[in-house]
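Okay, so here's the structure we're looking at.
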Amino acid sequence: MRSTEWIQRHQIAMYAVAVALAVGIGGGKPATAPLFERLITPVLAVLLYVTFLEIPFIRFREAFTNGRFMAGALGMNFLVVPVVVYALTRFLPREPVLLVGAFMVLLTPCIDYVIPFTDLADGDAEQITAATPALLILQFLLLPVYLWLFMGSQIASVVDPEPFLEAFLTLIVLPLTLAWLTELGATRSGTARRWQSAMGWLPVPTMAATLLVVIASQFPRVQGSIGQIAAVVPVYVAFLVVMPLLGRVAAGLLRMDVGESRALVFTSVTRNSLVVLPLALALPAGYELAPAVVVTQTLVELTGMVVLTRVVPAWLVTKPPEPISIPGTAPEE
């Protein structure tokens with residue numbers, strides 16, 4: 001078996017080790033948290049670079065030719081999810097720091113480990129991979145809009161647009177440009193091809209390193225404020241239950257095949273806690289707990305993903321969803 005295949009087969013174990021190590025470091029050596037915090041942005045930039053390298057750029061165009069999946073992914077993440085998030089967060093205490101942290105993480109769809117988890121559930125991971133750029137760009141553009149809609153003028157005095165622009169340039173434009181240049185170079189140079197091949201080893205180890213850095217940097221805050229943060233855990237769990245069911249319904253409405261249906265379920269439920277964390281860290285004084293609220297979602301979600309990789313193929317989407325007829329329309333022949 002090739003080493004890259006071994007890494008893919010054991011990626012969940014690698015993530016579990018990274019999380020356990022991060023919790024051990026964060027709990028046992030809390031003084032190291034500032035060091036890990038400084039590493040978050042560069043590690044995320046590398047993660048996104050190697051993630052984008054896995055996407056042949058021709059797939060960007062192909063993603064938009066599968067209008068059914070794109071409509072489902074964008075509709076679920078940017079129309080359905082905001083409604084669900086608004087409803088679920090009505091049960092949270094009216095503390096701005098809890099609300100802004102929960103909104104930031106739940107309103108942004110995952111663009112990294114959603115791909116391997118979809119693959120583990122035998123979903124169409126390629127389709128999610130191709131949709132990644134649209135999901136990533138739209139969430140950065142729409143997150144400030146959703147925050148304003150849900151929190152009003154209260155958030156306008158808190159969120160500085162500069163970190164959004166900086167994160168957009170550092171975590172989207174730069175990695176995406178470098179990935180495109182690498183792919184372009186690989187068509188013309190043997191050295192570039194070898195570099196691109198070598199980078200194929202990195203997505204899983206880089207994801208594990210990102211989880212280690214992110215969780216180790218914020219775990220002392222989680223541990224020190226567990227009483228406040230505990231309020232968001234039921235909301236995160238409810239989201240993990242509700243969104244796969246809604247994704248399954250949407251797959252039926254759109255008459256997707258099994259692979260697309262599973263992919264739609266996973267893109268609907270997984271959230272972008274890693275990439276949104278730098279934005280939470282940029283919030284002003286009084287919002288120091290927001291990054292811990294974001295990271296708590298990561299801890300809840302990773303546990304949920306292990307369950308969903310088994311539940312989705314075994315129970316939720318075992319065969320093509322039965323087409324759901326919309327009143328007033330004739331069934332397909």
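Ligands are numbered from 1 in the order shown, chains are lettered A, B, ... in the order of the structure tokens, and residues start at 1 in each chain.
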Within 12 Å of A:Ser197 using only C-alpha atoms, minus same-chain residues under 4 positions, as a VMD selection string
chain A and resid 4 50 53 to 54 182 to 183 186 190 to 193 201 to 203
Please, could you write that set of residues out with C-alpha atoms as an mmCIF file, in the first residue's frame?
```cif
data_model
loop_
_atom_site.group_PDB
_atom_site.id
_atom_site.type_symbol
_atom_site.label_atom_id
_atom_site.label_comp_id
_atom_site.auth_asym_id
_atom_site.auth_seq_id
_atom_site.Cartn_x
_atom_site.Cartn_y
_atom_site.Cartn_z
ATOM 1 C CA THR A 4 -0.350 8.337 0.911
ATOM 2 C CA VAL A 50 -2.345 22.186 -0.107
ATOM 3 C CA LEU A 53 -3.622 22.045 -4.879
ATOM 4 C CA GLU A 54 -5.919 19.022 -4.759
ATOM 5 C CA THR A 182 1.966 25.651 -8.957
ATOM 6 C CA GLU A 183 -0.480 23.847 -11.229
ATOM 7 C CA ALA A 186 3.591 21.667 -13.276
ATOM 8 C CA GLY A 190 9.531 18.659 -14.060
ATOM 9 C CA THR A 191 10.635 20.360 -10.848
ATOM 10 C CA ALA A 192 7.202 21.923 -10.408
ATOM 11 C CA ARG A 193 5.554 18.555 -11.076
ATOM 12 C CA TRP A 201 1.408 14.030 1.088
ATOM 13 C CA LEU A 202 0.524 17.088 3.144
ATOM 14 C CA PRO A 203 -3.262 17.639 3.370
#
```
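Using only C-alpha atoms, the contacts of A:Thr89 at a cut-off of 9 Å, with sequence neighbours closer than 3 positions omitted, comprise A:Val84, A:Val85, A:Tyr86, A:Leu92, A:Pro93, A:Leu99, A:Ala102, A:Phe103, A:Val232, A:Val235.
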Please, could you write that set of residues out with all heavy atoms as a CSV table (one decimal), in the first residue's frame?
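Output contents, as saved in again.csv:
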```
chain,number,residue,atom,x,y,z
A,84,VAL,N,-31.8,28.2,10.3
A,84,VAL,CA,-31.7,27.2,11.4
A,84,VAL,C,-30.8,27.8,12.5
A,84,VAL,O,-31.2,27.7,13.7
A,84,VAL,CB,-31.0,25.9,10.9
A,84,VAL,CG1,-30.7,25.0,12.0
A,84,VAL,CG2,-32.0,25.2,9.9
A,85,VAL,N,-29.8,28.5,12.2
A,85,VAL,CA,-28.9,29.1,13.2
A,85,VAL,C,-29.6,30.1,14.0
A,85,VAL,O,-29.5,30.2,15.2
A,85,VAL,CB,-27.6,29.7,12.5
A,85,VAL,CG1,-26.8,30.5,13.5
A,85,VAL,CG2,-26.8,28.5,12.0
A,86,TYR,N,-30.4,31.0,13.3
A,86,TYR,CA,-31.1,32.0,14.0
A,86,TYR,C,-32.1,31.4,15.0
A,86,TYR,O,-32.2,31.8,16.2
A,86,TYR,CB,-31.9,32.9,13.0
A,86,TYR,CG,-32.6,34.1,13.7
A,86,TYR,CD1,-31.9,35.2,14.1
A,86,TYR,CD2,-33.9,34.0,14.0
A,86,TYR,CE1,-32.5,36.2,14.7
A,86,TYR,CE2,-34.6,35.0,14.6
A,86,TYR,CZ,-33.9,36.2,15.0
A,86,TYR,OH,-34.5,37.2,15.6
A,92,LEU,N,-30.0,30.6,23.4
A,92,LEU,CA,-28.7,31.0,24.1
A,92,LEU,C,-29.0,32.2,25.0
A,92,LEU,O,-29.9,33.1,24.7
A,92,LEU,CB,-27.6,31.4,23.0
A,92,LEU,CG,-27.0,30.2,22.3
A,92,LEU,CD1,-26.0,30.8,21.3
A,92,LEU,CD2,-26.3,29.3,23.3
A,93,PRO,N,-28.2,32.4,26.0
A,93,PRO,CA,-28.2,33.6,26.8
A,93,PRO,C,-27.9,34.8,25.9
A,93,PRO,O,-27.2,34.7,24.9
A,93,PRO,CB,-27.1,33.4,27.9
A,93,PRO,CG,-26.9,32.0,27.9
A,93,PRO,CD,-27.2,31.4,26.6
A,99,LEU,N,-23.1,34.9,21.4
A,99,LEU,CA,-23.8,35.0,20.2
A,99,LEU,C,-22.9,35.2,19.0
A,99,LEU,O,-23.0,34.5,17.9
A,99,LEU,CB,-24.8,36.1,20.2
A,99,LEU,CG,-26.0,35.9,21.2
A,99,LEU,CD1,-26.9,37.2,21.3
A,99,LEU,CD2,-26.9,34.8,20.7
A,102,ALA,N,-20.9,32.0,18.2
A,102,ALA,CA,-21.8,31.0,17.6
A,102,ALA,C,-22.1,31.3,16.2
A,102,ALA,O,-22.1,30.5,15.3
A,102,ALA,CB,-23.0,30.8,18.5
A,103,PHE,N,-22.5,32.6,16.0
A,103,PHE,CA,-22.9,33.0,14.6
A,103,PHE,C,-21.7,32.9,13.7
A,103,PHE,O,-21.8,32.4,12.5
A,103,PHE,CB,-23.4,34.5,14.6
A,103,PHE,CG,-24.7,34.7,15.2
A,103,PHE,CD1,-25.1,35.8,15.9
A,103,PHE,CD2,-25.8,33.8,14.9
A,103,PHE,CE1,-26.3,36.0,16.4
A,103,PHE,CE2,-27.0,33.9,15.4
A,103,PHE,CZ,-27.3,35.0,16.2
A,232,VAL,N,-23.4,26.9,24.8
A,232,VAL,CA,-23.5,26.7,23.3
A,232,VAL,C,-23.4,25.3,22.9
A,232,VAL,O,-23.8,25.0,21.7
A,232,VAL,CB,-22.3,27.5,22.6
A,232,VAL,CG1,-22.4,29.0,23.0
A,232,VAL,CG2,-21.0,27.0,23.0
A,235,VAL,N,-26.6,23.8,21.4
A,235,VAL,CA,-26.9,24.4,20.1
A,235,VAL,C,-26.1,23.7,19.0
A,235,VAL,O,-26.6,23.3,18.0
A,235,VAL,CB,-26.6,25.9,20.1
A,235,VAL,CG1,-26.7,26.5,18.7
A,235,VAL,CG2,-27.6,26.6,21.1
```
Rows by chain and residue number, stretch 119-190 of chain A within 10 Å of stretch 310-316 of chain A, shortest pair, only C-alpha atoms, as CSV:
```
residue,atom,partner,partner_atom,distance
A:Leu120,CA,A:Arg310,CA,8.6
A:Ala121,CA,A:Pro313,CA,5.9
A:Asp122,CA,A:Pro313,CA,7.3
A:Gly123,CA,A:Pro313,CA,8.4
```
What's the 9 Å shell around stretch 210-225 of chain A, counting only C-alpha atoms, without same-chain residues fewer than 3 positions away, as a PyMOL selection string?
chain A and resi 15+17-27+29-40+43-44+47+205-207+228-230+274+277+288-289+291-293+295-296+298-299
Give me, as JSON lines, each residue of stretch 158-257 of chain A that comes within 8 Å of stretch 69-74 of chain A, together with its shortest interatomic pair and the distance in Å at one decimal, counting only C-alpha atoms, with rows ordered by chain and rising residue number.
```
{"residue": "A:Ala250", "atom": "CA", "partner": "A:Gly72", "partner_atom": "CA", "distance": 7.0}
{"residue": "A:Ala251", "atom": "CA", "partner": "A:Gly72", "partner_atom": "CA", "distance": 7.5}
{"residue": "A:Leu254", "atom": "CA", "partner": "A:Gly72", "partner_atom": "CA", "distance": 7.4}
{"residue": "A:Met256", "atom": "CA", "partner": "A:Phe69", "partner_atom": "CA", "distance": 7.8}
```
Write a file of the just-selected residues containing C-alpha atoms, as a PDB file, in the first residue's frame.
```pdb
ATOM      1  CA  ALA A 250     -32.938  18.798  -0.065  1.00  0.00           C
ATOM      2  CA  ALA A 251     -31.223  15.923  -1.885  1.00  0.00           C
ATOM      3  CA  LEU A 254     -33.108  18.022  -6.193  1.00  0.00           C
ATOM      4  CA  MET A 256     -29.501  13.782  -6.472  1.00  0.00           C
TER       5      MET A 256
END
```
Applying 9 Å and only C-alpha atoms, which residues near A:Tyr146 remain after dropping the ones on its own chain fewer than 4 positions away? List them as an MDAnalysis selection string.
chainID A and resid 82 103 107 142 150:151
Interatomic distance, atom CA of A:Pro161 to atom CA of A:Leu178 (Å, one decimal):
24.5 Å
When DSSP works through the backbone of this structure, what residues of stretch 169-198 of chain A end up as alpha helix (DSSP H), shown as a ChimeraX atom specification?
/A:174-186,190-198
Include N, CA and C atoms and write out the residues we just selected as a tab-separated table (two decimals), in the first residue's frame.
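For reference, selection.tsv as written:
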```
chain	number	residue	atom	x	y	z
A	174	LEU	N	-4.06	34.55	-1.50
A	174	LEU	CA	-2.68	34.08	-1.56
A	174	LEU	C	-2.58	32.57	-1.79
A	175	PRO	N	-3.23	31.71	-0.98
A	175	PRO	CA	-3.12	30.27	-1.24
A	175	PRO	C	-3.69	29.86	-2.60
A	176	LEU	N	-4.80	30.49	-3.00
A	176	LEU	CA	-5.41	30.14	-4.27
A	176	LEU	C	-4.50	30.53	-5.44
A	177	THR	N	-3.88	31.70	-5.35
A	177	THR	CA	-2.95	32.14	-6.40
A	177	THR	C	-1.73	31.23	-6.47
A	178	LEU	N	-1.17	30.89	-5.31
A	178	LEU	CA	0.00	30.02	-5.29
A	178	LEU	C	-0.34	28.63	-5.83
A	179	ALA	N	-1.53	28.14	-5.51
A	179	ALA	CA	-1.94	26.83	-6.02
A	179	ALA	C	-2.09	26.87	-7.54
A	180	TRP	N	-2.67	27.95	-8.05
A	180	TRP	CA	-2.83	28.10	-9.50
A	180	TRP	C	-1.46	28.19	-10.19
A	181	LEU	N	-0.53	28.95	-9.60
A	181	LEU	CA	0.80	29.06	-10.19
A	181	LEU	C	1.54	27.72	-10.15
A	182	THR	N	1.34	26.97	-9.06
A	182	THR	CA	1.97	25.65	-8.96
A	182	THR	C	1.43	24.72	-10.04
A	183	GLU	N	0.12	24.72	-10.21
A	183	GLU	CA	-0.48	23.85	-11.23
A	183	GLU	C	-0.03	24.27	-12.63
A	184	LEU	N	0.04	25.57	-12.86
A	184	LEU	CA	0.50	26.07	-14.15
A	184	LEU	C	1.95	25.66	-14.39
A	185	GLY	N	2.79	25.79	-13.35
A	185	GLY	CA	4.19	25.41	-13.48
A	185	GLY	C	4.37	23.93	-13.72
A	186	ALA	N	3.48	23.12	-13.13
A	186	ALA	CA	3.59	21.67	-13.28
A	186	ALA	C	3.35	21.21	-14.71
A	190	GLY	N	9.44	19.89	-14.84
A	190	GLY	CA	9.53	18.66	-14.06
A	190	GLY	C	9.70	18.95	-12.58
A	191	THR	N	10.43	19.99	-12.26
A	191	THR	CA	10.63	20.36	-10.85
A	191	THR	C	9.31	20.73	-10.21
A	192	ALA	N	8.51	21.53	-10.93
A	192	ALA	CA	7.20	21.92	-10.41
A	192	ALA	C	6.28	20.72	-10.26
A	193	ARG	N	6.37	19.77	-11.19
A	193	ARG	CA	5.55	18.55	-11.08
A	193	ARG	C	5.94	17.75	-9.85
A	194	ARG	N	7.25	17.64	-9.59
A	194	ARG	CA	7.70	16.91	-8.40
A	194	ARG	C	7.25	17.62	-7.13
A	195	TRP	N	7.29	18.96	-7.15
A	195	TRP	CA	6.83	19.73	-6.00
A	195	TRP	C	5.33	19.48	-5.75
A	196	GLN	N	4.55	19.52	-6.82
A	196	GLN	CA	3.12	19.30	-6.69
A	196	GLN	C	2.83	17.90	-6.16
A	197	SER	N	3.60	16.92	-6.65
A	197	SER	CA	3.42	15.55	-6.17
A	197	SER	C	3.77	15.42	-4.69
A	198	ALA	N	4.86	16.08	-4.29
A	198	ALA	CA	5.27	16.04	-2.88
A	198	ALA	C	4.21	16.66	-1.98
```
At a cut-off of 7 Å, using only C-alpha atoms, what residues contact A:Val97? Leave out same-chain residues fewer than 3 positions from it and give the result as a PyMOL selection string.
chain A and resi 100-101+287+289-290
Using only all heavy atoms, please write the residues we just selected to a file, as a short mmCIF file (atom, residue, chain, number, x, y, z; two decimals), in the first residue's frame.
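The resulting selection.cif:
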```
data_model
loop_
_atom_site.label_atom_id
_atom_site.label_comp_id
_atom_site.auth_asym_id
_atom_site.auth_seq_id
_atom_site.Cartn_x
_atom_site.Cartn_y
_atom_site.Cartn_z
N VAL A 100 -21.95 36.17 19.09
CA VAL A 100 -21.09 36.44 17.94
C VAL A 100 -20.19 35.24 17.63
O VAL A 100 -19.96 34.92 16.46
CB VAL A 100 -20.26 37.73 18.17
CG1 VAL A 100 -19.13 37.51 19.16
CG2 VAL A 100 -19.69 38.23 16.85
N GLY A 101 -19.70 34.55 18.66
CA GLY A 101 -18.88 33.35 18.43
C GLY A 101 -19.68 32.25 17.75
O GLY A 101 -19.21 31.64 16.78
N TYR A 287 -14.44 40.63 24.09
CA TYR A 287 -14.86 39.49 23.28
C TYR A 287 -13.79 38.41 23.26
O TYR A 287 -13.72 37.60 22.34
CB TYR A 287 -15.19 39.93 21.85
CG TYR A 287 -16.49 40.68 21.76
CD1 TYR A 287 -16.56 42.02 22.11
CD2 TYR A 287 -17.66 40.05 21.36
CE1 TYR A 287 -17.75 42.73 22.04
CE2 TYR A 287 -18.87 40.73 21.29
CZ TYR A 287 -18.90 42.07 21.64
OH TYR A 287 -20.09 42.76 21.59
N LEU A 289 -13.61 35.76 24.82
CA LEU A 289 -14.15 34.40 24.91
C LEU A 289 -14.65 33.88 23.55
O LEU A 289 -14.84 32.68 23.38
CB LEU A 289 -15.29 34.37 25.94
CG LEU A 289 -15.70 33.00 26.49
CD1 LEU A 289 -14.52 32.33 27.17
CD2 LEU A 289 -16.87 33.16 27.46
N ALA A 290 -14.85 34.77 22.58
CA ALA A 290 -15.41 34.34 21.28
C ALA A 290 -14.58 33.25 20.60
O ALA A 290 -15.15 32.29 20.07
CB ALA A 290 -15.59 35.54 20.36
#
```
For A:Ile12, which of A:Pro133, A:Pro116, A:Gly75, A:Pro109 is the closest residue, counting only C-alpha atoms?
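Comparing A:Pro133, A:Pro116, A:Gly75, A:Pro109 against A:Ile12, the winner is A:Pro116.
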